[in-house]
Each structure stands twice: as C-alpha cells, then as structure tokens.
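Structure file model-v7.cif (mmCIF, C-alpha atoms) follows.
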```
data_structure
#
loop_
_atom_site.group_PDB
_atom_site.id
_atom_site.type_symbol
_atom_site.label_atom_id
_atom_site.label_comp_id
_atom_site.auth_asym_id
_atom_site.auth_seq_id
_atom_site.Cartn_x
_atom_site.Cartn_y
_atom_site.Cartn_z
ATOM 1 C CA MET A 1 0.000 0.000 0.000
ATOM 2 C CA LYS A 2 2.799 2.397 0.922
ATOM 3 C CA LYS A 3 4.597 1.689 -2.367
ATOM 4 C CA ILE A 4 1.420 2.412 -4.342
ATOM 5 C CA LEU A 5 0.783 5.673 -2.492
ATOM 6 C CA SER A 6 4.401 6.738 -3.027
ATOM 7 C CA LEU A 7 4.183 5.995 -6.744
ATOM 8 C CA ILE A 8 0.979 8.001 -7.083
ATOM 9 C CA LEU A 9 2.601 10.908 -5.234
ATOM 10 C CA VAL A 10 5.646 10.933 -7.495
ATOM 11 C CA LEU A 11 3.546 10.755 -10.652
ATOM 12 C CA SER A 12 1.163 13.445 -9.449
ATOM 13 C CA LEU A 13 3.870 15.879 -8.383
ATOM 14 C CA SER A 14 5.757 15.334 -11.630
ATOM 15 C CA PHE A 15 2.821 16.974 -13.399
ATOM 16 C CA SER A 16 2.538 19.909 -11.010
ATOM 17 C CA LEU A 17 3.185 22.362 -13.840
ATOM 18 C CA TYR A 18 0.243 21.036 -15.856
ATOM 19 C CA ALA A 19 -1.251 23.971 -17.789
ATOM 20 C CA GLU A 20 -4.899 23.910 -16.732
ATOM 21 C CA ASP A 21 -5.451 27.248 -18.463
ATOM 22 C CA LYS A 22 -5.082 25.427 -21.825
ATOM 23 C CA ILE A 23 -7.963 23.064 -21.131
ATOM 24 C CA LYS A 24 -10.995 23.629 -23.326
ATOM 25 C CA VAL A 25 -14.061 24.896 -21.478
ATOM 26 C CA TYR A 26 -17.649 24.584 -22.667
ATOM 27 C CA TYR A 27 -19.080 27.639 -20.901
ATOM 28 C CA THR A 28 -17.791 30.810 -19.307
ATOM 29 C CA VAL A 29 -18.430 31.446 -15.611
ATOM 30 C CA GLU A 30 -21.149 33.936 -16.563
ATOM 31 C CA GLN A 31 -23.050 31.233 -18.477
ATOM 32 C CA LEU A 32 -23.267 28.924 -15.458
ATOM 33 C CA PRO A 33 -25.410 29.168 -12.291
ATOM 34 C CA ASP A 34 -24.070 31.802 -9.893
ATOM 35 C CA PRO A 35 -23.634 30.350 -6.370
ATOM 36 C CA ILE A 36 -23.671 33.855 -4.877
ATOM 37 C CA GLN A 37 -27.284 34.134 -5.995
ATOM 38 C CA PHE A 38 -28.587 30.800 -4.700
ATOM 39 C CA MET A 39 -26.290 29.673 -1.869
ATOM 40 C CA PRO A 40 -26.534 30.922 1.714
ATOM 41 C CA ALA A 41 -23.617 32.765 3.261
ATOM 42 C CA PRO A 42 -21.082 30.734 5.256
ATOM 43 C CA PRO A 43 -22.161 30.079 8.873
ATOM 44 C CA ASP A 44 -21.815 32.965 11.305
ATOM 45 C CA THR A 45 -19.145 32.303 13.921
ATOM 46 C CA LEU A 46 -21.801 32.439 16.675
ATOM 47 C CA SER A 47 -24.088 29.927 14.973
ATOM 48 C CA GLU A 48 -24.769 26.300 15.817
ATOM 49 C CA GLN A 49 -23.555 25.303 12.380
ATOM 50 C CA PHE A 50 -20.177 26.896 13.032
ATOM 51 C CA SER A 51 -19.950 24.958 16.297
ATOM 52 C CA HIS A 52 -20.393 21.845 14.187
ATOM 53 C CA ASP A 53 -17.635 23.082 11.869
ATOM 54 C CA ILE A 54 -15.282 23.350 14.837
ATOM 55 C CA MET A 55 -16.198 19.875 16.067
ATOM 56 C CA ARG A 56 -15.526 18.480 12.603
ATOM 57 C CA TYR A 57 -12.177 20.272 12.491
ATOM 58 C CA PHE A 58 -11.084 18.399 15.594
ATOM 59 C CA TRP A 59 -12.566 15.202 14.160
ATOM 60 C CA GLY A 60 -10.286 15.741 11.177
ATOM 61 C CA LYS A 61 -7.259 16.082 13.416
ATOM 62 C CA GLN A 62 -8.142 12.755 15.020
ATOM 63 C CA GLN A 63 -8.221 11.111 11.581
ATOM 64 C CA ARG A 64 -4.602 12.130 11.061
ATOM 65 C CA LEU A 65 -3.649 9.529 13.679
ATOM 66 C CA ASN A 66 -4.560 6.865 11.117
ATOM 67 C CA PRO A 67 -1.434 6.702 8.876
ATOM 68 C CA GLU A 68 -3.293 5.305 5.858
ATOM 69 C CA ARG A 69 -6.090 7.886 6.011
ATOM 70 C CA ALA A 70 -3.601 10.694 6.577
ATOM 71 C CA ALA A 71 -1.592 9.579 3.538
ATOM 72 C CA GLN A 72 -4.763 9.478 1.443
ATOM 73 C CA ALA A 73 -5.720 12.981 2.560
ATOM 74 C CA ARG A 74 -2.306 14.254 1.495
ATOM 75 C CA LEU A 75 -2.685 12.661 -1.932
ATOM 76 C CA ASP A 76 -6.174 14.108 -2.321
ATOM 77 C CA ALA A 77 -4.714 17.568 -1.703
ATOM 78 C CA ILE A 78 -2.583 17.487 -4.884
ATOM 79 C CA TRP A 79 -4.082 20.054 -7.264
ATOM 80 C CA THR A 80 -3.545 18.444 -10.690
ATOM 81 C CA TYR A 81 -5.857 16.550 -12.984
ATOM 82 C CA GLU A 82 -3.329 13.728 -13.095
ATOM 83 C CA GLY A 83 -3.544 13.496 -9.325
ATOM 84 C CA LEU A 84 -7.348 13.666 -9.361
ATOM 85 C CA ALA A 85 -7.574 10.980 -12.047
ATOM 86 C CA ALA A 86 -5.206 8.734 -10.111
ATOM 87 C CA GLN A 87 -7.406 8.963 -7.018
ATOM 88 C CA PHE A 88 -10.581 8.020 -8.913
ATOM 89 C CA SER A 89 -9.239 5.385 -11.323
ATOM 90 C CA LYS A 90 -9.717 2.474 -8.923
ATOM 91 C CA ALA A 91 -13.342 3.356 -8.186
ATOM 92 C CA PHE A 92 -13.901 3.973 -11.907
ATOM 93 C CA GLY A 93 -12.552 0.544 -12.805
ATOM 94 C CA LEU A 94 -10.092 1.794 -15.414
ATOM 95 C CA GLU A 95 -6.895 3.836 -15.326
ATOM 96 C CA ILE A 96 -7.675 7.376 -16.498
ATOM 97 C CA SER A 97 -4.875 9.149 -18.353
ATOM 98 C CA LYS A 98 -4.279 11.445 -21.311
ATOM 99 C CA ASP A 99 -2.515 8.696 -23.249
ATOM 100 C CA ASN A 100 -4.540 5.609 -22.332
ATOM 101 C CA THR A 101 -8.045 7.111 -22.292
ATOM 102 C CA PRO A 102 -7.900 10.304 -24.407
ATOM 103 C CA GLU A 103 -11.675 10.715 -24.856
ATOM 104 C CA ILE A 104 -12.417 10.103 -21.177
ATOM 105 C CA TRP A 105 -9.529 12.404 -20.274
ATOM 106 C CA THR A 106 -10.945 15.228 -22.408
ATOM 107 C CA ALA A 107 -14.426 14.873 -20.902
ATOM 108 C CA PHE A 108 -12.923 14.620 -17.414
ATOM 109 C CA THR A 109 -10.636 17.657 -17.588
ATOM 110 C CA SER A 110 -12.796 19.951 -19.717
ATOM 111 C CA GLY A 111 -16.005 19.058 -17.910
ATOM 112 C CA ILE A 112 -14.557 19.579 -14.440
ATOM 113 C CA GLU A 113 -12.610 22.688 -15.435
ATOM 114 C CA THR A 114 -15.812 24.261 -16.771
ATOM 115 C CA ALA A 115 -18.142 23.299 -13.934
ATOM 116 C CA ALA A 116 -15.676 24.074 -11.127
ATOM 117 C CA SER A 117 -14.928 27.571 -12.426
ATOM 118 C CA VAL A 118 -17.966 28.956 -10.579
ATOM 119 C CA ARG A 119 -16.105 28.590 -7.276
ATOM 120 C CA LYS A 120 -13.867 31.619 -7.887
ATOM 121 C CA PRO A 121 -16.375 34.500 -7.617
ATOM 122 C CA ILE A 122 -18.066 33.149 -4.480
ATOM 123 C CA LYS A 123 -14.721 32.453 -2.807
ATOM 124 C CA ALA A 124 -13.695 36.064 -3.404
ATOM 125 C CA TYR A 125 -17.125 37.392 -2.396
ATOM 126 C CA TYR A 126 -17.143 35.848 1.095
ATOM 127 C CA HIS A 127 -13.398 35.396 1.604
ATOM 128 C CA ARG A 128 -14.021 33.091 4.550
ATOM 129 C CA VAL A 129 -11.082 32.472 6.893
ATOM 130 C CA ARG A 130 -9.739 28.940 6.664
ATOM 131 C CA PRO A 131 -9.615 26.725 9.771
ATOM 132 C CA PHE A 132 -5.826 26.401 9.920
ATOM 133 C CA VAL A 133 -5.566 30.199 9.828
ATOM 134 C CA ARG A 134 -8.185 30.654 12.550
ATOM 135 C CA PHE A 135 -6.464 28.148 14.847
ATOM 136 C CA HIS A 136 -2.911 29.209 13.930
ATOM 137 C CA GLU A 137 -2.005 25.637 13.048
ATOM 138 C CA HIS A 138 -0.416 23.830 10.110
ATOM 139 C CA ILE A 139 -2.188 21.888 7.392
ATOM 140 C CA LEU A 140 -1.391 18.295 6.543
ATOM 141 C CA THR A 141 -0.077 18.367 2.963
ATOM 142 C CA TYR A 142 3.147 17.343 1.263
ATOM 143 C CA GLN A 143 4.081 20.981 0.652
ATOM 144 C CA ALA A 144 2.504 22.502 3.730
ATOM 145 C CA GLU A 145 4.529 25.711 3.874
ATOM 146 C CA GLU A 146 3.856 26.613 0.235
ATOM 147 C CA ASP A 147 0.213 25.534 0.438
ATOM 148 C CA GLU A 148 -0.418 27.559 3.596
ATOM 149 C CA ALA A 149 1.025 30.695 2.025
ATOM 150 C CA GLU A 150 -1.238 30.297 -1.007
ATOM 151 C CA LEU A 151 -4.418 29.163 0.739
ATOM 152 C CA ALA A 152 -4.310 31.701 3.559
ATOM 153 C CA GLY A 153 -5.120 34.465 1.102
ATOM 154 C CA GLU A 154 -7.905 32.544 -0.633
ATOM 155 C CA GLY A 155 -11.434 32.155 0.644
ATOM 156 C CA SER A 156 -12.437 28.871 2.269
ATOM 157 C CA TYR A 157 -16.072 28.831 1.085
ATOM 158 C CA PRO A 158 -16.694 26.733 -0.948
ATOM 159 C CA SER A 159 -13.961 24.101 -1.287
ATOM 160 C CA GLY A 160 -12.481 23.913 -4.789
ATOM 161 C CA HIS A 161 -10.929 20.508 -4.150
ATOM 162 C CA SER A 162 -14.259 19.142 -2.920
ATOM 163 C CA MET A 163 -16.047 20.533 -5.962
ATOM 164 C CA ARG A 164 -13.595 18.820 -8.284
ATOM 165 C CA GLY A 165 -13.875 15.586 -6.332
ATOM 166 C CA TRP A 166 -17.669 15.565 -6.432
ATOM 167 C CA LEU A 167 -17.678 16.553 -10.105
ATOM 168 C CA ALA A 168 -15.303 13.676 -10.816
ATOM 169 C CA ALA A 169 -17.702 11.300 -9.081
ATOM 170 C CA LEU A 170 -20.701 12.619 -11.040
ATOM 171 C CA LEU A 171 -18.976 12.657 -14.424
ATOM 172 C CA LEU A 172 -17.333 9.245 -14.110
ATOM 173 C CA SER A 173 -20.586 7.732 -12.796
ATOM 174 C CA GLU A 174 -22.261 8.903 -15.974
ATOM 175 C CA ILE A 175 -19.620 7.116 -18.053
ATOM 176 C CA ASN A 176 -19.654 3.970 -15.897
ATOM 177 C CA PRO A 177 -22.969 3.854 -13.998
ATOM 178 C CA ASP A 178 -22.239 0.350 -12.720
ATOM 179 C CA ASN A 179 -19.555 1.843 -10.452
ATOM 180 C CA ALA A 180 -21.607 4.841 -9.289
ATOM 181 C CA ASN A 181 -21.709 3.676 -5.669
ATOM 182 C CA ALA A 182 -17.933 3.322 -5.432
ATOM 183 C CA LEU A 183 -17.358 6.611 -7.243
ATOM 184 C CA CYS A 184 -19.755 8.576 -5.034
ATOM 185 C CA LYS A 185 -18.188 7.046 -1.931
ATOM 186 C CA ARG A 186 -14.782 8.135 -3.201
ATOM 187 C CA GLY A 187 -16.151 11.606 -3.927
ATOM 188 C CA LEU A 188 -17.402 11.924 -0.347
ATOM 189 C CA GLU A 189 -14.066 10.755 1.055
ATOM 190 C CA TYR A 190 -12.234 13.189 -1.201
ATOM 191 C CA GLY A 191 -14.181 16.050 0.342
ATOM 192 C CA GLU A 192 -13.584 14.752 3.866
ATOM 193 C CA SER A 193 -9.864 14.856 3.146
ATOM 194 C CA ARG A 194 -10.082 18.646 3.060
ATOM 195 C CA VAL A 195 -11.359 18.636 6.649
ATOM 196 C CA ILE A 196 -8.663 16.163 7.667
ATOM 197 C CA VAL A 197 -5.802 18.255 6.285
ATOM 198 C CA GLY A 198 -7.282 21.349 7.965
ATOM 199 C CA ALA A 199 -7.809 23.364 4.798
ATOM 200 C CA HIS A 200 -11.621 23.626 4.947
ATOM 201 C CA TRP A 201 -14.607 23.666 7.254
ATOM 202 C CA GLN A 202 -17.269 20.970 6.973
ATOM 203 C CA SER A 203 -19.816 23.522 5.746
ATOM 204 C CA ASP A 204 -17.415 24.436 2.910
ATOM 205 C CA ILE A 205 -17.467 20.808 1.786
ATOM 206 C CA GLU A 206 -21.242 20.490 1.942
ATOM 207 C CA ALA A 207 -21.741 23.711 -0.011
ATOM 208 C CA SER A 208 -19.307 22.484 -2.648
ATOM 209 C CA ARG A 209 -21.392 19.411 -3.421
ATOM 210 C CA ILE A 210 -24.538 21.490 -3.949
ATOM 211 C CA ILE A 211 -22.720 23.952 -6.196
ATOM 212 C CA ALA A 212 -21.043 21.139 -8.129
ATOM 213 C CA GLY A 213 -24.403 19.476 -8.740
ATOM 214 C CA ALA A 214 -25.990 22.685 -10.051
ATOM 215 C CA SER A 215 -23.029 23.468 -12.269
ATOM 216 C CA TYR A 216 -22.755 19.938 -13.635
ATOM 217 C CA THR A 217 -26.453 19.895 -14.484
ATOM 218 C CA ALA A 218 -26.085 23.145 -16.431
ATOM 219 C CA LEU A 219 -23.048 21.733 -18.243
ATOM 220 C CA HIS A 220 -25.334 19.222 -19.964
ATOM 221 C CA ASN A 221 -26.908 22.063 -21.922
ATOM 222 C CA SER A 222 -23.703 22.172 -23.965
ATOM 223 C CA PRO A 223 -23.953 20.099 -27.186
ATOM 224 C CA ASP A 224 -20.152 19.880 -27.284
ATOM 225 C CA PHE A 225 -20.003 18.434 -23.784
ATOM 226 C CA ARG A 226 -22.725 15.905 -24.540
ATOM 227 C CA LYS A 227 -20.883 14.801 -27.696
ATOM 228 C CA GLN A 228 -17.640 14.409 -25.770
ATOM 229 C CA MET A 229 -19.382 12.343 -23.126
ATOM 230 C CA GLU A 230 -20.708 10.004 -25.823
ATOM 231 C CA LYS A 231 -17.152 9.572 -27.097
ATOM 232 C CA ALA A 232 -15.980 8.894 -23.532
ATOM 233 C CA LYS A 233 -18.692 6.266 -23.001
ATOM 234 C CA ALA A 234 -17.804 4.560 -26.297
ATOM 235 C CA GLU A 235 -14.123 4.550 -25.349
ATOM 236 C CA TYR A 236 -14.888 3.064 -21.943
ATOM 237 C CA LYS A 237 -17.029 0.330 -23.500
ATOM 238 C CA LYS A 238 -14.338 -0.490 -26.052
ATOM 239 C CA LEU A 239 -11.518 -0.647 -23.513
ATOM 240 C CA THR A 240 -13.410 -2.672 -20.937
ATOM 241 C CA SER A 241 -14.670 -5.100 -23.594
ATOM 242 C CA LYS A 242 -11.059 -5.785 -24.610
ATOM 243 C CA LYS A 243 -10.087 -6.160 -20.969
ATOM 244 C CA GLU A 244 -12.799 -8.774 -20.456
ATOM 245 C CA GLY A 245 -11.893 -10.545 -23.677
ATOM 246 C CA LYS A 246 -15.283 -10.040 -25.271
#
```
As a first step, turn the structure in this file into structure tokens.
Amino acid sequence: MKKILSLILVLSLSFSLYAEDKIKVYYTVEQLPDPIQFMPAPPDTLSEQFSHDIMRYFWGKQQRLNPERAAQARLDAIWTYEGLAAQFSKAFGLEISKDNTPEIWTAFTSGIETAASVRKPIKAYYHRVRPFVRFHEHILTYQAEEDEAELAGEGSYPSGHSMRGWLAALLLSEINPDNANALCKRGLEYGESRVIVGAHWQSDIEASRIIAGASYTALHNSPDFRKQMEKAKAEYKKLTSKKEGK
C-alpha cells in the first residue's frame, strides 16, 4: 500500500506544472449558475452550524492519527488533474490518463474545469477564513509551507478541491454507472480529506457538493459536452470489452 501511495505521489507531483489554463471549457463562468445568488452565506461564527464546523475540524485532526487515512488525505490535496484521475481510477474501474483514455480524459478535464470555475467569484465574495488560519495551526499536505502561504489568502467557502472531487464522481458515474456507488463514496471521502488536512470547514465541503451538482447539471446544456461524453462512453465500452476478452 505504501509503495502504491508513493508511486501516485511521485507521478502526481511530476505533473505539477500542468497547464490547466489550456484546457478547453464549454461555458464561461457567466453562463453557469451563480452560487452567490442561490447559496446561503457561510455560517456565522456564533451559529450552531459553526460549532459543528469546529467539532468536525477536531474530528479531522483525530483522523490524522490513522497513517493510511492521513496519507490518502495528502494525496487528495494534490491540485492536478493527473492526481485527481489517479485517485478516482480504482473506483472507476479503469486507469484514467491522457494517453490511455484520451476521450475520457478530455471529458474529465474539460467538464470539471468548466463546472468548477464557478467557485472563484463566491470564494472572493465571502473570503471566509480557513480553519488552519483561525487556529494558527499547520495543514497536513506534502508541501505545507507553500500551500499555507497560497491558501491563507484565498477564501475557504466553498472548497475547490471538494467541488472537483464531487464533479469527478458525477462525471465518471455517468460514463460507468455500474460503479456509481464506489465513485460517489470516493467523492465523499475526497471532500472529507479537506477537513482532515485542515484546509476547509465541513460547511465548505457540503456547499461544494450542492454547487457542483448545479453546475454539472447546467453543463449538460452544452452540445459539445454531450458529444464528448458520448465519445468517452464509447471509449470506456471499447476498452473494458477488450479487458474482459469479449
């Protein structure tokens, strides 16, 4: 298990300079649902919900005592599509990569890049303080010092990582519905990893799933996205048929 996690880490970090700005998008942010208009504000610090956020923050710290779960949370924190694909390939039932599954890769990266773009305006609008900043503690990532410097100046609400994780679960479940249960479970765990590393509050994670669902639904209005998804489904069927010797 440790060897596999180490390999995934090396491969993911080797692509850390991946140019996400070159990924094709199907809609602009303005063409997608605006979370500022339909989502509530983050919990007030005197609210019961924020008390729950604090309890979940300490729950996350307890999870770090489990070496395997802590290692998984660190891997989930890597912000690359290669890293994201690596974390969902097992649940998907097929290795996802630019070379091995080009049609799935295009749907995966372009679909998520488009749908997750709505996080930026609402993050800036509320600019919620992150838990590790509030508690003056360190986060649990492989590049903690660099990550803390970057994340401290970025709003916590909603969680971009959690959005991408839930979008990955939704998109890959559409391509391989037989594995939807495993993919959704992985998507939930991916979001929980953000609480475990100390980068987000629980309410950030929950908001992210709602926003991701609304954005992903709107993405299906794009004829180009729908066509790409059909190509991805055909590729998956072809590759898995060969694998099974059919």
Measuring between all atoms listed in the file, which one of A:Ala169, A:Ile78, A:Ala71, A:Val25 shows the shortest distance to Arg209 (chain A)?
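Closest to Arg209 (chain A) of all the choices is A:Ala169.
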The residue from A:Pro121, A:Gly165, A:Pro67, A:Gly153 with the smallest atom-to-atom distance to Glu192 (chain A), counting only C-alpha atoms, is A:Gly165
_Test item: residues at most 12 Å from region 127-139 of chain A, all atoms listed in the file, excluding those fewer than 2 positions along its chain, as number ranges by chain_ = A: 41-45, 50, 53-58, 60-61, 64, 70, 73-74, 77, 119-125, 141-159, 193-204
| If you count all atoms listed in the file, which residues fall within 12 Å of Lys237 (chain A), apart from same-chain ones fewer than 2 positions away, as a ChimeraX atom specification? | /A:93-94,101,103-104,175-178,230-235,239-244,246
>> Measuring between all atoms listed in the file, which one of A:Lys90, A:Tyr26, A:Ala85, A:Asn221 shows the shortest distance to Trp105 (chain A)?
In response: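 Closest residue, counting all atoms listed in the file: A:Ala85.
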Practice problem: Excluding Lys24 (chain A) and any residue of its chain fewer than 5 positions from it, enumerate the residues within 12 Å of it, using all atoms listed in the file, and give them as a count of residues only. | Solution: 15
As a check of understanding: the span from CA of Trp79 (chain A) to CA of Met163 (chain A) is 12.0 Å
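In this structure, CA of Ile23 (chain A) sits 12.7 Å away from CA of Ala116 (chain A).
Excluding Phe38 (chain A) itself and any same-chain residue fewer than 4 positions from it, the protein and nucleic acid residues within 10 Å of it, counting only C-alpha atoms, are Pro33, Asp34 and Ile211 of chain A.
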Please report the interatomic distance between CA of His161 (chain A) and CA of Arg69 (chain A) in Å with one decimal.
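That distance, rounded to one decimal, is 16.9 Å.
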Selection result of the PyMOL selection byres ((chain A and resi 88) around 8) on this file, as a PyMOL selection string: chain A and resi 84-87+89-92+168-169+183+186
Counting all atoms listed in the file, closest pick from A:Lys227, A:Arg164, A:Trp59, A:Tyr236 relative to Ser117 (chain A) is A:Arg164
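Excluding Gly213 (chain A) and any residue on its chain fewer than 5 positions from it, the residues at most 10 Å away by only C-alpha atoms are Ala115, Met163, Trp166, Leu167, Leu170, Ser208, Ala218 and Leu219 of chain A.
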Using only C-alpha atoms, the shortest atom-to-atom distance to Val118 (chain A) among A:Glu174, A:Glu68, A:Glu30, A:Glu82 belongs to A:Glu30
